[in-house]
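Peer 1: Have a peek at work_8.pdb (PDB, C-alpha atoms, pLDDT in the B column).
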```pdb
ATOM      1  CA  MET B   1      12.999  29.425 -75.795  1.00 50.00           C
ATOM      2  CA  ARG B   2      13.248  26.747 -73.210  1.00 56.00           C
ATOM      3  CA  ASN B   3      13.877  27.508 -69.529  1.00 58.00           C
ATOM      4  CA  SER B   4      17.344  25.957 -69.725  1.00 61.00           C
ATOM      5  CA  GLU B   5      18.306  28.372 -72.495  1.00 66.00           C
ATOM      6  CA  MET B   6      17.154  31.498 -70.600  1.00 61.00           C
ATOM      7  CA  LYS B   7      19.715  33.726 -69.008  1.00 64.00           C
ATOM      8  CA  PRO B   8      19.461  34.242 -65.216  1.00 60.00           C
ATOM      9  CA  GLU B   9      18.458  37.874 -65.594  1.00 59.00           C
ATOM     10  CA  GLU B  10      15.692  36.862 -68.000  1.00 58.00           C
ATOM     11  CA  GLU B  11      14.178  34.374 -65.525  1.00 66.00           C
ATOM     12  CA  MET B  12      11.222  35.631 -63.574  1.00 72.00           C
ATOM     13  CA  ALA B  13      12.012  36.551 -59.955  1.00 78.00           C
ATOM     14  CA  GLU B  14      10.100  34.729 -57.219  1.00 79.00           C
ATOM     15  CA  PRO B  15       7.328  36.911 -55.740  1.00 85.00           C
ATOM     16  CA  ALA B  16       7.885  38.031 -52.135  1.00 84.00           C
ATOM     17  CA  ASN B  17       4.634  36.521 -50.865  1.00 89.00           C
ATOM     18  CA  LEU B  18       5.552  33.121 -52.362  1.00 91.00           C
ATOM     19  CA  ARG B  19       8.976  33.244 -50.707  1.00 91.00           C
ATOM     20  CA  PHE B  20       7.300  34.145 -47.375  1.00 94.00           C
ATOM     21  CA  LEU B  21       4.821  31.271 -47.759  1.00 95.00           C
ATOM     22  CA  ARG B  22       7.624  28.789 -48.508  1.00 94.00           C
ATOM     23  CA  ARG B  23       9.545  29.890 -45.408  1.00 95.00           C
ATOM     24  CA  LEU B  24       6.393  29.739 -43.285  1.00 96.00           C
ATOM     25  CA  VAL B  25       5.655  26.177 -44.394  1.00 97.00           C
ATOM     26  CA  THR B  26       9.257  25.194 -43.616  1.00 97.00           C
ATOM     27  CA  VAL B  27       9.078  26.702 -40.110  1.00 98.00           C
ATOM     28  CA  LEU B  28       5.709  25.066 -39.415  1.00 98.00           C
ATOM     29  CA  THR B  29       7.010  21.685 -40.591  1.00 98.00           C
ATOM     30  CA  ALA B  30      10.057  21.982 -38.326  1.00 98.00           C
ATOM     31  CA  THR B  31       7.804  22.970 -35.406  1.00 98.00           C
ATOM     32  CA  MET B  32       5.525  19.975 -35.957  1.00 98.00           C
ATOM     33  CA  ILE B  33       8.470  17.577 -36.171  1.00 98.00           C
ATOM     34  CA  GLY B  34       9.944  19.054 -32.974  1.00 98.00           C
ATOM     35  CA  GLY B  35       6.606  18.762 -31.165  1.00 97.00           C
ATOM     36  CA  LEU B  36       6.170  15.159 -32.248  1.00 98.00           C
ATOM     37  CA  LEU B  37       9.680  14.291 -31.043  1.00 98.00           C
ATOM     38  CA  LEU B  38       8.942  16.006 -27.717  1.00 97.00           C
ATOM     39  CA  ILE B  39       5.726  14.012 -27.241  1.00 97.00           C
ATOM     40  CA  ILE B  40       7.526  10.749 -28.031  1.00 96.00           C
ATOM     41  CA  ALA B  41      10.324  11.630 -25.585  1.00 95.00           C
ATOM     42  CA  LEU B  42       7.824  12.417 -22.823  1.00 94.00           C
ATOM     43  CA  ILE B  43       5.985   9.129 -23.371  1.00 93.00           C
ATOM     44  CA  VAL B  44       9.265   7.178 -23.232  1.00 91.00           C
ATOM     45  CA  ILE B  45      10.342   9.004 -20.058  1.00 89.00           C
ATOM     46  CA  ARG B  46       6.983   8.372 -18.416  1.00 86.00           C
ATOM     47  CA  PHE B  47       6.968   4.645 -19.229  1.00 86.00           C
ATOM     48  CA  ASN B  48      10.530   4.229 -17.962  1.00 83.00           C
ATOM     49  CA  ASP B  49       9.566   5.747 -14.614  1.00 76.00           C
ATOM     50  CA  ARG B  50       9.505   3.250 -11.756  1.00 76.00           C
ATOM     51  CA  PRO B  51       6.063   1.820 -10.964  1.00 70.00           C
ATOM     52  CA  PRO B  52       4.414   2.620  -7.626  1.00 67.00           C
ATOM     53  CA  THR B  53       5.321   0.313  -4.788  1.00 71.00           C
ATOM     54  CA  LEU B  54       2.465  -1.868  -3.601  1.00 71.00           C
ATOM     55  CA  PRO B  55       2.232  -3.583  -0.239  1.00 73.00           C
ATOM     56  CA  SER B  56       3.189  -7.259  -0.386  1.00 78.00           C
ATOM     57  CA  GLU B  57       0.367  -8.336   1.927  1.00 79.00           C
ATOM     58  CA  ILE B  58      -2.738  -6.648   3.324  1.00 81.00           C
ATOM     59  CA  THR B  59      -4.730  -8.071   6.219  1.00 81.00           C
ATOM     60  CA  LEU B  60      -8.347  -6.936   6.219  1.00 84.00           C
ATOM     61  CA  PRO B  61     -10.413  -6.959   9.405  1.00 82.00           C
ATOM     62  CA  GLY B  62     -13.102  -9.632   9.775  1.00 83.00           C
ATOM     63  CA  ASP B  63     -14.244 -11.413   6.650  1.00 85.00           C
ATOM     64  CA  ALA B  64     -14.145  -8.332   4.421  1.00 84.00           C
ATOM     65  CA  ARG B  65     -13.291  -8.902   0.772  1.00 90.00           C
ATOM     66  CA  PRO B  66     -11.513  -6.209  -1.278  1.00 90.00           C
ATOM     67  CA  VAL B  67     -13.299  -4.558  -4.181  1.00 91.00           C
ATOM     68  CA  SER B  68     -10.844  -1.815  -5.167  1.00 91.00           C
ATOM     69  CA  PHE B  69      -7.452  -0.398  -4.242  1.00 90.00           C
ATOM     70  CA  THR B  70      -6.012   3.111  -4.406  1.00 90.00           C
ATOM     71  CA  GLN B  71      -2.998   4.826  -2.906  1.00 87.00           C
ATOM     72  CA  GLY B  72      -1.611   8.185  -1.923  1.00 88.00           C
ATOM     73  CA  PRO B  73       1.895   9.347  -0.986  1.00 86.00           C
ATOM     74  CA  ASP B  74       1.881   7.830   2.531  1.00 88.00           C
ATOM     75  CA  TRP B  75      -1.319   5.745   2.618  1.00 91.00           C
ATOM     76  CA  PHE B  76      -3.317   3.229   0.646  1.00 91.00           C
ATOM     77  CA  ALA B  77      -7.030   2.476   0.750  1.00 93.00           C
ATOM     78  CA  ILE B  78      -9.124  -0.621   0.167  1.00 92.00           C
ATOM     79  CA  THR B  79     -12.830  -0.516  -0.635  1.00 93.00           C
ATOM     80  CA  THR B  80     -14.534  -3.636   0.684  1.00 92.00           C
ATOM     81  CA  ASP B  81     -17.680  -5.508  -0.282  1.00 89.00           C
ATOM     82  CA  ALA B  82     -19.152  -4.462   3.094  1.00 87.00           C
ATOM     83  CA  ASP B  83     -19.450  -0.855   1.803  1.00 88.00           C
ATOM     84  CA  GLU B  84     -16.563   0.640   3.752  1.00 92.00           C
ATOM     85  CA  ILE B  85     -13.238   2.239   2.910  1.00 93.00           C
ATOM     86  CA  LEU B  86     -10.232   1.112   4.929  1.00 93.00           C
ATOM     87  CA  ILE B  87      -7.273   3.510   4.924  1.00 94.00           C
ATOM     88  CA  PHE B  88      -3.895   2.033   5.916  1.00 91.00           C
ATOM     89  CA  ASP B  89      -0.529   3.621   6.667  1.00 89.00           C
ATOM     90  CA  ARG B  90       1.946   2.802   3.891  1.00 85.00           C
ATOM     91  CA  VAL B  91       4.987   2.423   6.172  1.00 82.00           C
ATOM     92  CA  THR B  92       3.516   0.466   9.090  1.00 84.00           C
ATOM     93  CA  GLY B  93       0.575  -1.205   7.355  1.00 83.00           C
ATOM     94  CA  GLN B  94      -1.677  -0.300  10.310  1.00 87.00           C
ATOM     95  CA  LEU B  95      -5.298   0.712   9.796  1.00 89.00           C
ATOM     96  CA  ARG B  96      -5.546   4.519  10.038  1.00 91.00           C
ATOM     97  CA  GLN B  97      -9.210   5.087   9.375  1.00 92.00           C
ATOM     98  CA  SER B  98     -12.361   3.219   8.469  1.00 91.00           C
ATOM     99  CA  ILE B  99     -15.117   5.053   6.592  1.00 91.00           C
ATOM    100  CA  ALA B 100     -18.593   3.553   6.193  1.00 90.00           C
ATOM    101  CA  ILE B 101     -20.299   4.161   2.875  1.00 87.00           C
ATOM    102  CA  ASN B 102     -24.021   4.769   3.093  1.00 84.00           C
ATOM    103  CA  PRO B 103     -25.518   3.283  -0.072  1.00 72.00           C
ATOM    104  CA  THR B 104     -28.267   5.345  -1.675  1.00 72.00           C
ATOM    105  CA  ASP B 105     -31.321   3.453  -2.778  1.00 60.00           C
TER     106      ASP B 105
END
```
Go ahead and render the structure in this file as structure tokens.
Peer 2:
Amino acid sequence: MRNSEMKPEEEMAEPANLRFLRRLVTVLTATMIGGLLLIIALIVIRFNDRPPTLPSEITLPGDARPVSFTQGPDWFAITTDADEILIFDRVTGQLRQSIAINPTD
């Protein structure tokens, strides 16, 4: 007899552990799809966030040349080629602090 000719009561019932495994795979697939969508949404939200505001002009003391720039919530700092860190106020643009870097030889 072919399967199409078998009566429903004659067909073999699905084992309980196979039914559990099928449901588990379905739940895990849905969880992975949800997690992937969440990661994509977070990346899109992060890239649409406004970029940090940078000062339009910075005047360094003397003939110092900038090497690097970093910023905090209410300050920004410039590392110069003269081995010092200059910390400026973000609102006023005034020099707050100057820190000399002692190079190690």
Peer 1: Just to confirm, what's the straight-line distance from CA of Val27 in chain B to CA of Val44 in chain B in Å (one decimal)?
Peer 2: 25.8 Å
Peer 1: Which is closer to Ser98 in chain B than all the others in B:Leu18, B:Ala13, B:Ile78, B:Ile85, using all atoms listed in the file?
Peer 2: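 Of B:Leu18, B:Ala13, B:Ile78, B:Ile85, the one nearest Ser98 in chain B is B:Ile85, counting all atoms listed in the file.
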Peer 1: So that I can see what lies close to range 65-68 of chain B, please list as a PyMOL selection string the residues with an atom at most 12 Å from it, counting only C-alpha atoms and leaving out residues fewer than 5 positions away in the same chain.
Peer 2: chain B and resi 58-60+76-87
Peer 1: How many Å lie between CA of Ser56 in chain B and CA of Ala100 in chain B, rounded to one decimal?
Peer 2: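 That distance, rounded to one decimal, is 25.2 Å.
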Peer 1: Which value, in Å to one decimal, gives the distance between CA of Leu95 in chain B and CA of Pro55 in chain B?
Peer 2: 13.3 Å
Peer 1: Of the residues B:Leu54, B:Ile101, B:Leu21, B:Leu42, which is the one nearest to Gln71 in chain B, using only C-alpha atoms?
Peer 2: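 Closest to Gln71 in chain B, using only C-alpha atoms: B:Leu54.
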